[in-house]
Each structure stands twice: as structure tokens, then as C-alpha cells.
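Chemist: Below is the file run.cif, with mmCIF, C-alpha atoms.
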data_entry
loop_
_atom_site.group_PDB
_atom_site.id
_atom_site.type_symbol
_atom_site.label_atom_id
_atom_site.label_comp_id
_atom_site.auth_asym_id
_atom_site.auth_seq_id
_atom_site.Cartn_x
_atom_site.Cartn_y
_atom_site.Cartn_z
ATOM 1 C CA MET A 1 0.000 0.000 0.000
ATOM 2 C CA ILE A 2 1.402 3.370 -1.044
ATOM 3 C CA THR A 3 0.152 6.910 -0.745
ATOM 4 C CA ILE A 4 -0.089 8.908 -3.960
ATOM 5 C CA THR A 5 -1.919 12.049 -5.002
ATOM 6 C CA VAL A 6 -4.592 11.721 -7.685
ATOM 7 C CA ASN A 7 -6.093 14.919 -9.056
ATOM 8 C CA GLY A 8 -5.011 16.792 -5.945
ATOM 9 C CA GLU A 9 -6.340 14.241 -3.438
ATOM 10 C CA MET A 10 -4.238 11.855 -1.347
ATOM 11 C CA LYS A 11 -5.081 8.216 -1.944
ATOM 12 C CA GLU A 12 -3.766 4.944 -0.560
ATOM 13 C CA MET A 13 -3.732 2.027 -2.950
ATOM 14 C CA ASN A 14 -2.113 -1.223 -3.907
ATOM 15 C CA ALA A 15 -0.683 -0.359 -7.285
ATOM 16 C CA THR A 16 2.728 -0.496 -8.895
ATOM 17 C CA THR A 17 1.997 0.914 -12.372
ATOM 18 C CA ILE A 18 -0.120 3.621 -13.959
ATOM 19 C CA ALA A 19 -2.293 0.909 -15.512
ATOM 20 C CA GLU A 20 -3.090 -0.456 -12.054
ATOM 21 C CA VAL A 21 -3.928 3.007 -10.712
ATOM 22 C CA ILE A 22 -6.348 3.590 -13.575
ATOM 23 C CA LYS A 23 -7.990 0.216 -13.122
ATOM 24 C CA THR A 24 -8.290 0.674 -9.358
ATOM 25 C CA LEU A 25 -9.969 4.052 -9.805
ATOM 26 C CA GLY A 26 -12.373 2.702 -12.429
ATOM 27 C CA TYR A 27 -11.344 4.722 -15.479
ATOM 28 C CA GLU A 28 -12.294 3.001 -18.724
ATOM 29 C CA GLY A 29 -12.355 3.814 -22.412
ATOM 30 C CA ASP A 30 -10.089 6.134 -24.383
ATOM 31 C CA TYR A 31 -11.307 9.543 -23.300
ATOM 32 C CA PHE A 32 -8.837 10.391 -20.570
ATOM 33 C CA ALA A 33 -5.155 11.263 -20.359
ATOM 34 C CA VAL A 34 -2.673 10.706 -17.558
ATOM 35 C CA ALA A 35 0.318 12.623 -16.264
ATOM 36 C CA LYS A 36 2.763 11.543 -13.580
ATOM 37 C CA ASN A 37 4.646 14.269 -11.745
ATOM 38 C CA LEU A 38 3.741 16.782 -14.479
ATOM 39 C CA VAL A 39 4.877 14.541 -17.333
ATOM 40 C CA CYS A 40 2.295 13.118 -19.744
ATOM 41 C CA ILE A 41 2.296 9.336 -19.911
ATOM 42 C CA PRO A 42 1.186 8.071 -23.344
ATOM 43 C CA ARG A 43 -1.596 5.498 -23.322
ATOM 44 C CA THR A 44 0.754 2.827 -24.665
ATOM 45 C CA LYS A 45 3.068 3.234 -21.661
ATOM 46 C CA TYR A 46 0.548 2.825 -18.808
ATOM 47 C CA ALA A 47 1.443 -0.794 -18.097
ATOM 48 C CA GLU A 48 5.184 -0.210 -18.039
ATOM 49 C CA THR A 49 5.226 3.062 -16.094
ATOM 50 C CA PRO A 50 5.931 2.413 -12.406
ATOM 51 C CA ILE A 51 4.557 4.528 -9.598
ATOM 52 C CA ALA A 52 6.065 5.189 -6.214
ATOM 53 C CA ALA A 53 4.948 6.747 -2.956
ATOM 54 C CA GLN A 54 4.330 10.503 -3.156
ATOM 55 C CA ASP A 55 3.865 10.456 -6.933
ATOM 56 C CA GLU A 56 1.384 13.012 -8.204
ATOM 57 C CA ILE A 57 -1.003 11.607 -10.783
ATOM 58 C CA GLU A 58 -3.283 13.742 -12.904
ATOM 59 C CA ILE A 59 -6.140 12.140 -14.862
ATOM 60 C CA LEU A 60 -7.948 14.498 -17.213
ATOM 61 C CA MET A 61 -11.006 14.174 -19.448
ATOM 62 C CA PRO A 62 -12.428 16.206 -22.324
ATOM 63 C CA MET A 63 -14.418 19.165 -21.096
ATOM 64 C CA GLN A 64 -16.035 22.306 -22.468
ATOM 65 C CA GLY A 65 -13.524 25.034 -23.236
ATOM 66 C CA GLY A 66 -13.186 28.433 -24.842
ATOM 67 C CA MET B 1 -12.649 28.467 -48.304
ATOM 68 C CA TRP B 2 -9.510 29.116 -46.303
ATOM 69 C CA GLU B 3 -6.521 27.135 -45.240
ATOM 70 C CA ILE B 4 -5.393 26.821 -41.677
ATOM 71 C CA ALA B 5 -2.532 24.572 -40.628
ATOM 72 C CA GLU B 6 -2.718 22.772 -43.984
ATOM 73 C CA LYS B 7 -6.436 22.010 -43.663
ATOM 74 C CA ILE B 8 -9.214 23.591 -45.716
ATOM 75 C CA PHE B 9 -12.319 25.034 -44.068
ATOM 76 C CA ASN B 10 -15.368 26.995 -45.182
ATOM 77 C CA SER B 11 -16.183 28.738 -41.919
ATOM 78 C CA ARG B 12 -13.880 31.382 -40.485
ATOM 79 C CA LEU B 13 -15.609 31.123 -37.102
ATOM 80 C CA ILE B 14 -14.011 29.036 -34.370
ATOM 81 C CA LEU B 15 -16.526 28.413 -31.617
ATOM 82 C CA GLY B 16 -15.880 27.735 -27.942
ATOM 83 C CA THR B 17 -17.906 25.005 -26.254
ATOM 84 C CA SER B 18 -18.161 26.406 -22.723
ATOM 85 C CA ARG B 19 -20.973 28.020 -20.689
ATOM 86 C CA TYR B 20 -23.952 26.888 -22.807
ATOM 87 C CA ARG B 21 -27.287 26.193 -21.114
ATOM 88 C CA SER B 22 -27.277 22.566 -22.147
ATOM 89 C CA PRO B 23 -25.468 20.114 -24.404
ATOM 90 C CA GLU B 24 -28.366 20.445 -26.857
ATOM 91 C CA ASN B 25 -27.972 24.221 -26.862
ATOM 92 C CA LEU B 26 -24.279 23.777 -27.686
ATOM 93 C CA ARG B 27 -25.035 21.282 -30.438
ATOM 94 C CA GLU B 28 -27.544 23.660 -32.056
ATOM 95 C CA ALA B 29 -25.163 26.603 -31.822
ATOM 96 C CA ILE B 30 -22.361 24.686 -33.538
ATOM 97 C CA THR B 31 -24.661 23.370 -36.244
ATOM 98 C CA ARG B 32 -26.375 26.674 -36.948
ATOM 99 C CA SER B 33 -23.136 28.678 -37.009
ATOM 100 C CA GLY B 34 -21.537 26.311 -39.497
ATOM 101 C CA ALA B 35 -18.384 26.332 -37.350
ATOM 102 C CA GLU B 36 -16.069 23.481 -38.289
ATOM 103 C CA ILE B 37 -13.506 24.001 -35.562
ATOM 104 C CA VAL B 38 -14.395 24.051 -31.857
ATOM 105 C CA THR B 39 -12.228 24.611 -28.818
ATOM 106 C CA VAL B 40 -12.171 22.085 -25.996
ATOM 107 C CA SER B 41 -10.263 21.597 -22.765
ATOM 108 C CA LEU B 42 -9.182 18.914 -20.334
ATOM 109 C CA ARG B 43 -10.357 18.848 -16.734
ATOM 110 C CA ARG B 44 -10.354 16.591 -13.719
ATOM 111 C CA GLN B 45 -13.377 14.344 -13.559
ATOM 112 C CA ALA B 46 -14.160 11.274 -11.493
ATOM 113 C CA ALA B 47 -14.317 7.911 -13.207
ATOM 114 C CA GLY B 48 -17.583 6.159 -13.817
ATOM 115 C CA ASP B 49 -19.651 9.077 -15.080
ATOM 116 C CA GLY B 50 -18.840 8.393 -18.724
ATOM 117 C CA ASN B 51 -18.269 11.465 -20.811
ATOM 118 C CA LYS B 52 -21.368 12.723 -22.588
ATOM 119 C CA PHE B 53 -19.589 15.862 -23.767
ATOM 120 C CA TRP B 54 -16.994 13.766 -25.579
ATOM 121 C CA GLU B 55 -19.696 11.636 -27.173
ATOM 122 C CA LEU B 56 -21.598 14.731 -28.336
ATOM 123 C CA LEU B 57 -18.508 16.234 -29.949
ATOM 124 C CA ARG B 58 -17.647 13.031 -31.734
ATOM 125 C CA GLU B 59 -21.148 12.888 -33.214
ATOM 126 C CA LEU B 60 -20.796 16.402 -34.621
ATOM 127 C CA GLY B 61 -17.695 15.479 -36.596
ATOM 128 C CA VAL B 62 -15.975 18.826 -35.956
ATOM 129 C CA THR B 63 -12.247 19.543 -35.774
ATOM 130 C CA PHE B 64 -10.936 19.923 -32.227
ATOM 131 C CA LEU B 65 -8.702 22.724 -31.077
ATOM 132 C CA PRO B 66 -7.785 21.820 -27.472
ATOM 133 C CA ASN B 67 -6.622 24.599 -25.176
ATOM 134 C CA THR B 68 -4.299 24.875 -22.209
ATOM 135 C CA ALA B 69 -6.634 27.277 -20.381
ATOM 136 C CA ASN B 70 -5.595 28.400 -16.906
ATOM 137 C CA CYS B 71 -2.071 27.018 -17.150
ATOM 138 C CA ARG B 72 0.289 29.180 -15.125
ATOM 139 C CA SER B 73 3.689 27.797 -16.112
ATOM 140 C CA VAL B 74 5.541 26.496 -19.141
ATOM 141 C CA GLN B 75 5.574 22.971 -17.698
ATOM 142 C CA GLU B 76 1.837 22.963 -16.982
ATOM 143 C CA ALA B 77 1.059 24.185 -20.496
ATOM 144 C CA VAL B 78 3.424 21.717 -22.160
ATOM 145 C CA THR B 79 2.102 18.752 -20.163
ATOM 146 C CA THR B 80 -1.521 19.741 -20.807
ATOM 147 C CA ALA B 81 -0.741 19.976 -24.534
ATOM 148 C CA HIS B 82 0.737 16.483 -24.490
ATOM 149 C CA MET B 83 -2.297 15.137 -22.628
ATOM 150 C CA ALA B 84 -4.634 16.861 -25.106
ATOM 151 C CA ARG B 85 -2.781 15.241 -27.986
ATOM 152 C CA ASP B 86 -3.192 11.877 -26.297
ATOM 153 C CA VAL B 87 -6.967 12.274 -25.914
ATOM 154 C CA PHE B 88 -8.026 14.352 -28.909
ATOM 155 C CA LYS B 89 -5.583 12.745 -31.336
ATOM 156 C CA THR B 90 -4.513 16.084 -32.771
ATOM 157 C CA ASN B 91 -1.268 18.033 -32.829
ATOM 158 C CA TRP B 92 -3.202 21.316 -32.710
ATOM 159 C CA ILE B 93 -2.993 23.215 -29.443
ATOM 160 C CA LYS B 94 -4.425 26.583 -28.457
ATOM 161 C CA LEU B 95 -1.617 27.598 -26.181
ATOM 162 C CA GLU B 96 -2.675 29.711 -23.222
ATOM 163 C CA THR B 97 -0.466 30.851 -20.351
ATOM 164 C CA VAL B 98 -2.113 33.096 -17.779
ATOM 165 C CA GLY B 99 0.069 36.047 -16.796
ATOM 166 C CA ASP B 100 -2.336 38.201 -14.817
ATOM 167 C CA GLU B 101 -5.223 37.043 -12.652
ATOM 168 C CA TYR B 102 -7.317 40.180 -13.092
ATOM 169 C CA THR B 103 -7.205 40.548 -16.876
ATOM 170 C CA LEU B 104 -6.207 36.951 -17.671
ATOM 171 C CA GLN B 105 -3.636 38.573 -19.938
ATOM 172 C CA PRO B 106 -1.329 35.952 -21.403
ATOM 173 C CA ASP B 107 2.210 35.701 -20.050
ATOM 174 C CA PRO B 108 4.216 36.376 -23.237
ATOM 175 C CA PHE B 109 7.465 34.985 -21.839
ATOM 176 C CA ALA B 110 5.995 31.645 -20.780
ATOM 177 C CA LEU B 111 3.986 31.578 -24.008
ATOM 178 C CA LEU B 112 7.079 31.916 -26.175
ATOM 179 C CA GLU B 113 9.023 29.339 -24.223
ATOM 180 C CA ALA B 114 6.177 26.821 -24.260
ATOM 181 C CA ALA B 115 5.624 27.441 -27.983
ATOM 182 C CA ARG B 116 9.277 26.618 -28.706
ATOM 183 C CA VAL B 117 9.062 23.358 -26.736
ATOM 184 C CA LEU B 118 5.819 22.271 -28.381
ATOM 185 C CA ILE B 119 6.841 23.169 -31.939
ATOM 186 C CA ALA B 120 10.009 21.128 -31.477
ATOM 187 C CA ASP B 121 7.745 18.286 -30.412
ATOM 188 C CA GLY B 122 5.627 18.469 -33.584
ATOM 189 C CA PHE B 123 2.700 20.574 -32.409
ATOM 190 C CA GLU B 124 0.815 23.131 -34.499
ATOM 191 C CA VAL B 125 0.720 25.902 -31.946
ATOM 192 C CA PHE B 126 -2.106 28.470 -31.905
ATOM 193 C CA PRO B 127 -0.813 30.918 -29.281
ATOM 194 C CA TYR B 128 -3.339 33.106 -27.470
ATOM 195 C CA THR B 129 -1.478 36.385 -27.248
ATOM 196 C CA THR B 130 -2.016 40.104 -26.798
ATOM 197 C CA ASP B 131 -1.976 42.616 -29.647
ATOM 198 C CA ASP B 132 1.744 43.281 -29.024
ATOM 199 C CA LEU B 133 3.571 43.298 -32.342
ATOM 200 C CA VAL B 134 6.994 42.225 -31.090
ATOM 201 C CA VAL B 135 5.584 39.291 -29.120
ATOM 202 C CA GLY B 136 3.793 38.238 -32.303
ATOM 203 C CA GLU B 137 6.999 38.512 -34.310
ATOM 204 C CA ARG B 138 8.889 36.400 -31.758
ATOM 205 C CA LEU B 139 6.193 33.721 -31.808
ATOM 206 C CA LEU B 140 6.374 33.563 -35.605
ATOM 207 C CA ALA B 141 10.164 33.404 -35.461
ATOM 208 C CA ALA B 142 9.807 30.475 -33.044
ATOM 209 C CA GLY B 143 7.845 28.588 -35.701
ATOM 210 C CA CYS B 144 4.209 29.529 -35.097
ATOM 211 C CA LYS B 145 2.253 30.069 -38.318
ATOM 212 C CA ILE B 146 -0.874 31.233 -36.549
ATOM 213 C CA LEU B 147 -1.410 33.888 -33.890
ATOM 214 C CA MET B 148 -4.531 34.422 -31.797
ATOM 215 C CA PRO B 149 -4.375 38.016 -30.564
ATOM 216 C CA TRP B 150 -7.006 39.292 -28.164
ATOM 217 C CA ALA B 151 -9.463 42.055 -28.967
ATOM 218 C CA ALA B 152 -10.136 42.557 -25.246
ATOM 219 C CA PRO B 153 -9.831 40.436 -22.077
ATOM 220 C CA ILE B 154 -11.486 37.000 -22.173
ATOM 221 C CA GLY B 155 -15.216 37.041 -21.539
ATOM 222 C CA SER B 156 -15.367 40.844 -21.298
ATOM 223 C CA GLY B 157 -17.361 41.365 -24.494
ATOM 224 C CA GLN B 158 -15.806 44.807 -24.917
ATOM 225 C CA GLY B 159 -14.958 44.404 -28.579
ATOM 226 C CA VAL B 160 -11.785 45.893 -30.048
ATOM 227 C CA VAL B 161 -10.142 47.922 -27.301
ATOM 228 C CA ASN B 162 -7.141 48.968 -29.386
ATOM 229 C CA PRO B 163 -7.990 48.984 -33.093
ATOM 230 C CA GLN B 164 -4.725 50.692 -34.016
ATOM 231 C CA ALA B 165 -2.669 47.887 -32.462
ATOM 232 C CA LEU B 166 -4.663 45.264 -34.364
ATOM 233 C CA LYS B 167 -4.310 47.190 -37.627
ATOM 234 C CA THR B 168 -0.573 47.387 -37.059
ATOM 235 C CA LEU B 169 -0.402 43.672 -36.337
ATOM 236 C CA ARG B 170 -2.229 42.863 -39.573
ATOM 237 C CA ALA B 171 -0.124 45.273 -41.614
ATOM 238 C CA ARG B 172 3.217 44.114 -40.194
ATOM 239 C CA LEU B 173 2.511 40.363 -40.217
ATOM 240 C CA PRO B 174 0.922 39.782 -43.639
ATOM 241 C CA GLN B 175 2.241 36.223 -43.883
ATOM 242 C CA ALA B 176 0.739 35.002 -40.592
ATOM 243 C CA THR B 177 -2.711 33.541 -40.081
ATOM 244 C CA LEU B 178 -4.264 35.894 -37.531
ATOM 245 C CA ILE B 179 -7.358 34.810 -35.647
ATOM 246 C CA ILE B 180 -8.906 37.239 -33.199
ATOM 247 C CA ASP B 181 -9.541 35.467 -29.916
ATOM 248 C CA ALA B 182 -11.257 36.861 -26.836
ATOM 249 C CA GLY B 183 -13.199 39.990 -26.009
ATOM 250 C CA ILE B 184 -15.664 39.841 -28.896
ATOM 251 C CA GLY B 185 -19.144 40.703 -27.594
ATOM 252 C CA ALA B 186 -21.270 41.459 -30.646
ATOM 253 C CA PRO B 187 -21.409 40.437 -34.299
ATOM 254 C CA SER B 188 -20.408 44.006 -35.235
ATOM 255 C CA HIS B 189 -17.110 43.482 -33.370
ATOM 256 C CA ALA B 190 -16.459 40.350 -35.402
ATOM 257 C CA ALA B 191 -17.311 42.131 -38.648
ATOM 258 C CA GLN B 192 -14.962 44.969 -37.668
ATOM 259 C CA VAL B 193 -11.912 42.740 -37.261
ATOM 260 C CA MET B 194 -12.729 40.773 -40.407
ATOM 261 C CA GLU B 195 -12.930 44.056 -42.327
ATOM 262 C CA MET B 196 -9.417 44.795 -41.020
ATOM 263 C CA GLY B 197 -8.199 41.667 -42.770
ATOM 264 C CA PHE B 198 -8.002 39.193 -39.920
ATOM 265 C CA ASP B 199 -8.343 35.609 -41.083
ATOM 266 C CA GLY B 200 -10.854 34.380 -38.558
ATOM 267 C CA VAL B 201 -12.558 34.912 -35.214
ATOM 268 C CA MET B 202 -12.694 32.674 -32.171
ATOM 269 C CA LEU B 203 -15.409 33.353 -29.631
ATOM 270 C CA ASN B 204 -17.434 31.644 -26.955
ATOM 271 C CA THR B 205 -19.140 33.717 -24.281
ATOM 272 C CA ALA B 206 -20.962 36.099 -26.637
ATOM 273 C CA VAL B 207 -22.779 33.132 -28.134
ATOM 274 C CA ALA B 208 -23.126 30.939 -25.055
ATOM 275 C CA LEU B 209 -24.647 33.670 -22.880
ATOM 276 C CA ALA B 210 -27.064 34.986 -25.516
ATOM 277 C CA ASP B 211 -30.766 34.478 -24.810
ATOM 278 C CA ASP B 212 -30.861 32.394 -27.978
ATOM 279 C CA ALA B 213 -27.390 30.942 -28.438
ATOM 280 C CA PRO B 214 -27.992 29.157 -31.770
ATOM 281 C CA LYS B 215 -29.462 32.328 -33.278
ATOM 282 C CA MET B 216 -26.545 34.414 -32.027
ATOM 283 C CA ALA B 217 -24.122 31.836 -33.423
ATOM 284 C CA GLU B 218 -25.681 32.299 -36.841
ATOM 285 C CA ALA B 219 -25.586 36.094 -36.445
ATOM 286 C CA PHE B 220 -21.846 35.872 -35.807
ATOM 287 C CA ALA B 221 -21.334 33.590 -38.777
ATOM 288 C CA GLN B 222 -23.083 36.102 -41.046
ATOM 289 C CA ALA B 223 -21.140 39.040 -39.591
ATOM 290 C CA ILE B 224 -17.853 37.217 -40.130
ATOM 291 C CA ASN B 225 -18.783 36.434 -43.716
ATOM 292 C CA ALA B 226 -19.859 40.033 -44.314
ATOM 293 C CA GLY B 227 -16.628 41.378 -42.819
ATOM 294 C CA ARG B 228 -14.511 39.053 -44.912
ATOM 295 C CA MET B 229 -16.375 39.932 -48.106
ATOM 296 C CA ALA B 230 -15.927 43.632 -47.350
ATOM 297 C CA TYR B 231 -12.199 43.149 -46.813
ATOM 298 C CA GLU B 232 -11.851 41.258 -50.080
ATOM 299 C CA ALA B 233 -13.976 43.847 -51.902
ATOM 300 C CA GLY B 234 -11.818 46.705 -50.576
ATOM 301 C CA LEU B 235 -13.178 49.383 -48.272
ATOM 302 C CA MET B 236 -13.301 52.965 -49.489
ATOM 303 C CA PRO B 237 -10.797 55.393 -47.968
ATOM 304 C CA THR B 238 -12.137 57.582 -45.167
ATOM 305 C CA ARG B 239 -12.124 61.372 -45.483
ATOM 306 C CA SER B 240 -12.365 64.192 -42.995
ATOM 307 C CA PHE B 241 -14.975 66.108 -44.995
ATOM 308 C CA ALA B 242 -18.062 65.421 -47.061
ATOM 309 C CA GLU B 243 -17.866 64.536 -50.707
ATOM 310 C CA PRO B 244 -21.183 64.511 -52.546
ATOM 311 C CA SER B 245 -22.234 61.139 -53.809
ATOM 312 C CA THR B 246 -24.713 62.581 -56.330
ATOM 313 C CA PRO B 247 -22.935 64.240 -59.297
ATOM 314 C CA LEU B 248 -22.885 68.049 -59.180
ATOM 315 C CA PRO B 249 -23.113 68.698 -62.952
ATOM 316 C CA GLY B 250 -26.759 69.100 -63.988
ATOM 317 C CA THR B 251 -27.931 69.905 -60.469
ATOM 318 C CA PRO B 252 -31.504 71.297 -60.794
ATOM 319 C CA PHE B 253 -31.974 75.043 -60.260
ATOM 320 C CA TRP B 254 -28.205 75.541 -60.007
ATOM 321 C CA LYS B 255 -27.100 79.075 -60.756
ATOM 322 C CA THR B 256 -23.515 80.211 -60.959
ATOM 323 C CA GLU B 257 -24.337 83.849 -60.279
ATOM 324 C CA LYS B 258 -27.326 85.918 -59.304
ATOM 325 C CA GLN B 259 -29.071 87.577 -62.285
ATOM 326 C CA ALA B 260 -29.692 91.332 -62.189
#
Let me see whether you can do it: turn the structure in this file into C-alpha cells.

Modeler:
Amino acid sequence: MITITVNGEMKEMNATTIAEVIKTLGYEGDYFAVAKNLVCIPRTKYAETPIAAQDEIEILMPMQGG
Amino acid sequence: MWEIAEKIFNSRLILGTSRYRSPENLREAITRSGAEIVTVSLRRQAAGDGNKFWELLRELGVTFLPNTANCRSVQEAVTTAHMARDVFKTNWIKLETVGDEYTLQPDPFALLEAARVLIADGFEVFPYTTDDLVVGERLLAAGCKILMPWAAPIGSGQGVVNPQALKTLRARLPQATLIIDAGIGAPSHAAQVMEMGFDGVMLNTAVALADDAPKMAEAFAQAINAGRMAYEAGLMPTRSFAEPSTPLPGTPFWKTEKQA
């Protein structure tokens, strides 16, 4: 169990990769993007990108914009 | 027809997708305006809700121009651009870097730096900038082909605050695609900048907050077309004094001198 920050909120979870974080949180489909510590992680790299305690994860979705 | 970033479009209106009463209201506004390019953003959202907005946009078959709205640093803007490319599958990015909280004036230094990074990474950068000529020149020198200068602060609806600066920008940067972004409040404002020779107009709030957004979207589309046609037709020069439009020769009852 590690503590990470997801979209500004502290979370404890059993996860070792970005793919596991996404699955744990319930994100599905292809309409979101992920960054780790302010670096975008391409969709193809989720499974091979490790996470560690204190990492800051950002998961963003399409939204209205001007 | 006009070309932007090597794509051909009919409409010179780029429409924002924010602040509409409902998704249906947004859909009608896009359809009725004929806009082919719409701006979108990325935001935090919990999993499990699906994404109806995304589904609606996909149905419309429009071209996406994602923004980096509210980014405060080069790194934030660059990362958001990368994430937008991942989701929207486009290398287009409307690059925004907030420099002042009160006016939301873009930070030109962060903008230029972020533009350099993103162009090197293969992005087509649409920088939201002020009407400052030198900043525009530096952005073009960095590899931008398009500039999005403001008419007035975002969402203010003031129209063109500094027409002379915009005229100068157009005159000095004839090779650049210049799209007015922000501050447009009325169709007459849009027509005004199109008459100046700007290539297009991006707007959001003036349509979204109208009592009848789809109708206002169409009004803007017509104003933009009218302004463009006027620019292509060539406006008459202005004069300080009157010049009669009806010919003087043959004027009825005209006498050159009083008879005795």
C-alpha cells in the first residue's frame, strides 16, 4: 500500500503501475489522459510506467472550453 | 474556403464550447453557425460518469482545437498539450499561459518558451497572445504560423479595445494567419476585425450567454462572412470632410451667379 496524489487528493492504494492506478480508480475507455509528476504518460506506456509513494497523478477528461 | 494549418475550411468562425445552457444548446449553436472548428479543454473528472460531452462532440464530426486554459507555467502548459494530444488525437494546441489574474492577460514569456518546446515536439501551436507586435513577431520566429491576438480580455465582451494595435499587427505580419480570440461581444465586433483583414474569429461567451445561443451563433457567422467579403472587396478610404455622392453637374436650379 502506497500513498499517492490523484487529481489533488491523497489516496492509498495497492498499485505499482499507472495501468493499475487507472484500473483501481475505475477509469475506462479512451477519453482520458494521464500525467505523472507533471509529465504526460502516453496510453501505450501505462502498463510499463511504475509509480512510487508521493507520486502526483493527474487524470484528465475532455471538457467544455473556450 | 480558407486554409489553416494545412487544412481547408469553409467557416472562419471558431466556436468555444463552454458556458452553454445545455449540451443540446451547444449542439444547435455549432450546427447553426456552421463552425467546423471548436475549442475544448481537459479537466479533472471522477471515473464512472462516462463522458457525454466527448460523445456529443464526436457525433458532430468537428475539428478539435484543445486549449491549455488556466495554465500558469511552461511545464503545466506543455504537459496539458501532451495530454490533449493523447486524448483528442490532434497536434493542434491553443496555447494559453495566464500572466495576470485580473485581466487573464497571457504571459508572453511563458507563451514563447512553451511554444518553442511544443513546436520542437511536432505541435501546431495556436498561441493566445495580446496585440503586441513584437511578441507576435517572436512567436512567428519560433515557428508559429498562426497567432490568436485578443481584442479585449477573455469574456469581457468589450470588442476591439485597441484597433490601431490590431491594424498594425495585420499590416506588419501579412504572412501570418491571424485569428482574433477573446473579447468579442457582438457580431459588429467580429465584422470589424474581419474588415481589417483578420483571417478568422474565435469566440465563446458572446454566443453561449445569448438568450438564444444558436441564433446568435448564426448572427456571428453572417457578420464574419460580411466582414470578410468587405475586406476582399476593398473598403473605401475615409475622409475628414463630405464629398457629394450625387454628381454636381446638372444639379436642378443651379445658378452660378445671381441675375440682375

Chemist: Given all atoms listed in the file, how would the per-residue table for chain A near chain B read, listing every residue at most 6 Å away with its closest atom pair and distance in Å to one decimal, sorted by chain and number, as JSON lines?

Modeler:
{"residue": "A:Gly26", "atom": "CA", "partner": "B:Ala47", "partner_atom": "CA", "distance": 5.6}
{"residue": "A:Tyr27", "atom": "CA", "partner": "B:Ala47", "partner_atom": "CA", "distance": 4.9}
{"residue": "A:Tyr31", "atom": "CA", "partner": "B:Val87", "partner_atom": "CA", "distance": 5.8}
{"residue": "A:Phe32", "atom": "CA", "partner": "B:Val87", "partner_atom": "CA", "distance": 6.0}
{"residue": "A:Ala33", "atom": "CA", "partner": "B:Met83", "partner_atom": "CA", "distance": 5.3}
{"residue": "A:Val39", "atom": "CA", "partner": "B:Thr79", "partner_atom": "CA", "distance": 5.8}
{"residue": "A:Cys40", "atom": "CA", "partner": "B:Thr79", "partner_atom": "CA", "distance": 5.7}
{"residue": "A:Leu60", "atom": "CA", "partner": "B:Arg44", "partner_atom": "CA", "distance": 4.7}
{"residue": "A:Met61", "atom": "CA", "partner": "B:Leu42", "partner_atom": "CA", "distance": 5.2}
{"residue": "A:Pro62", "atom": "CA", "partner": "B:Leu42", "partner_atom": "CA", "distance": 4.7}
{"residue": "A:Met63", "atom": "CA", "partner": "B:Ser41", "partner_atom": "CA", "distance": 5.1}
{"residue": "A:Gln64", "atom": "CA", "partner": "B:Ser18", "partner_atom": "CA", "distance": 4.6}
{"residue": "A:Gly65", "atom": "CA", "partner": "B:Val40", "partner_atom": "CA", "distance": 4.3}
{"residue": "A:Gly66", "atom": "CA", "partner": "B:Gly16", "partner_atom": "CA", "distance": 4.2}

Chemist: Expand the PyMOL selection byres ((chain B and resi 174) around 12) into the explicit residue set it covers here, and present it as an MDAnalysis selection string.

Modeler: chainID B and resid 136:137 140 145:147 167:173 175:178 196:199

Chemist: Written as a PyMOL selection string, which residues does the PyMOL selection byres ((chain B and resi 189) around 10) give for the file shown?

Modeler: chain B and resi 151+157-160+183-188+190-195+201+220+223-224+227

Chemist: Take the PyMOL selection byres ((chain B and resi 138) around 12), apply it to the structure above, and return the hits as an mmCIF file with C-alpha atoms, in the frame of the given file.

Modeler:
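Dumped everything to part.cif:
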data_model
loop_
_atom_site.group_PDB
_atom_site.id
_atom_site.type_symbol
_atom_site.label_atom_id
_atom_site.label_comp_id
_atom_site.auth_asym_id
_atom_site.auth_seq_id
_atom_site.Cartn_x
_atom_site.Cartn_y
_atom_site.Cartn_z
ATOM 1 C CA PRO B 108 4.216 36.376 -23.237
ATOM 2 C CA PHE B 109 7.465 34.985 -21.839
ATOM 3 C CA LEU B 111 3.986 31.578 -24.008
ATOM 4 C CA LEU B 112 7.079 31.916 -26.175
ATOM 5 C CA GLU B 113 9.023 29.339 -24.223
ATOM 6 C CA ALA B 115 5.624 27.441 -27.983
ATOM 7 C CA ARG B 116 9.277 26.618 -28.706
ATOM 8 C CA PRO B 127 -0.813 30.918 -29.281
ATOM 9 C CA THR B 129 -1.478 36.385 -27.248
ATOM 10 C CA ASP B 132 1.744 43.281 -29.024
ATOM 11 C CA LEU B 133 3.571 43.298 -32.342
ATOM 12 C CA VAL B 134 6.994 42.225 -31.090
ATOM 13 C CA VAL B 135 5.584 39.291 -29.120
ATOM 14 C CA GLY B 136 3.793 38.238 -32.303
ATOM 15 C CA GLU B 137 6.999 38.512 -34.310
ATOM 16 C CA LEU B 139 6.193 33.721 -31.808
ATOM 17 C CA LEU B 140 6.374 33.563 -35.605
ATOM 18 C CA ALA B 141 10.164 33.404 -35.461
ATOM 19 C CA ALA B 142 9.807 30.475 -33.044
ATOM 20 C CA GLY B 143 7.845 28.588 -35.701
ATOM 21 C CA CYS B 144 4.209 29.529 -35.097
ATOM 22 C CA LYS B 145 2.253 30.069 -38.318
ATOM 23 C CA LEU B 147 -1.410 33.888 -33.890
ATOM 24 C CA LEU B 173 2.511 40.363 -40.217
#

Chemist: Quote the spacing between atom CA of B:Leu56 and atom CA of B:Ser156 in Å to one decimal place.

Modeler: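 That distance, rounded to one decimal, is 27.8 Å.
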
Chemist: Of the candidates A:Glu58, A:Asn14, A:Ala53, A:Glu48, which one gets nearest to A:Val34 if we count all atoms listed in the file?

Modeler: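 Result for the nearest residue to A:Val34: A:Glu58.
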
Chemist: State, in Å with one decimal place, the distance from atom CA of B:Ala221 to atom CA of B:Leu104.

Modeler: 26.2 Å

Chemist: So how far away is atom CA of B:Tyr128 from atom CA of B:Trp150, in Å?

Modeler: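 Distance between the two atoms: 7.2 Å.
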
Chemist: Would you mind completing stretch 27-32 of chain A so that it carries N, CA, C and O atoms, and writing it out as a short mmCIF file (atom, residue, chain, number, x, y, z; two decimals), in the frame of the given file?

Modeler:
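Ended up saving to part_15.cif:
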data_model
loop_
_atom_site.label_atom_id
_atom_site.label_comp_id
_atom_site.auth_asym_id
_atom_site.auth_seq_id
_atom_site.Cartn_x
_atom_site.Cartn_y
_atom_site.Cartn_z
N TYR A 27 -11.33 4.03 -14.18
CA TYR A 27 -11.34 4.72 -15.48
C TYR A 27 -11.32 3.69 -16.60
O TYR A 27 -10.51 2.76 -16.59
N GLU A 28 -12.22 3.90 -17.57
CA GLU A 28 -12.29 3.00 -18.72
C GLU A 28 -12.42 3.81 -20.00
O GLU A 28 -12.76 4.99 -19.96
N GLY A 29 -12.18 3.14 -21.12
CA GLY A 29 -12.36 3.81 -22.41
C GLY A 29 -11.10 4.56 -22.84
O GLY A 29 -10.00 4.36 -22.28
N ASP A 30 -11.25 5.45 -23.83
CA ASP A 30 -10.09 6.13 -24.38
C ASP A 30 -10.21 7.64 -24.26
O ASP A 30 -9.55 8.39 -24.98
N TYR A 31 -11.08 8.10 -23.37
CA TYR A 31 -11.31 9.54 -23.30
C TYR A 31 -10.70 10.18 -22.04
O TYR A 31 -11.29 11.05 -21.43
N PHE A 32 -9.55 9.73 -21.66
CA PHE A 32 -8.84 10.39 -20.57
C PHE A 32 -7.34 10.34 -20.87
O PHE A 32 -6.88 9.55 -21.70
#
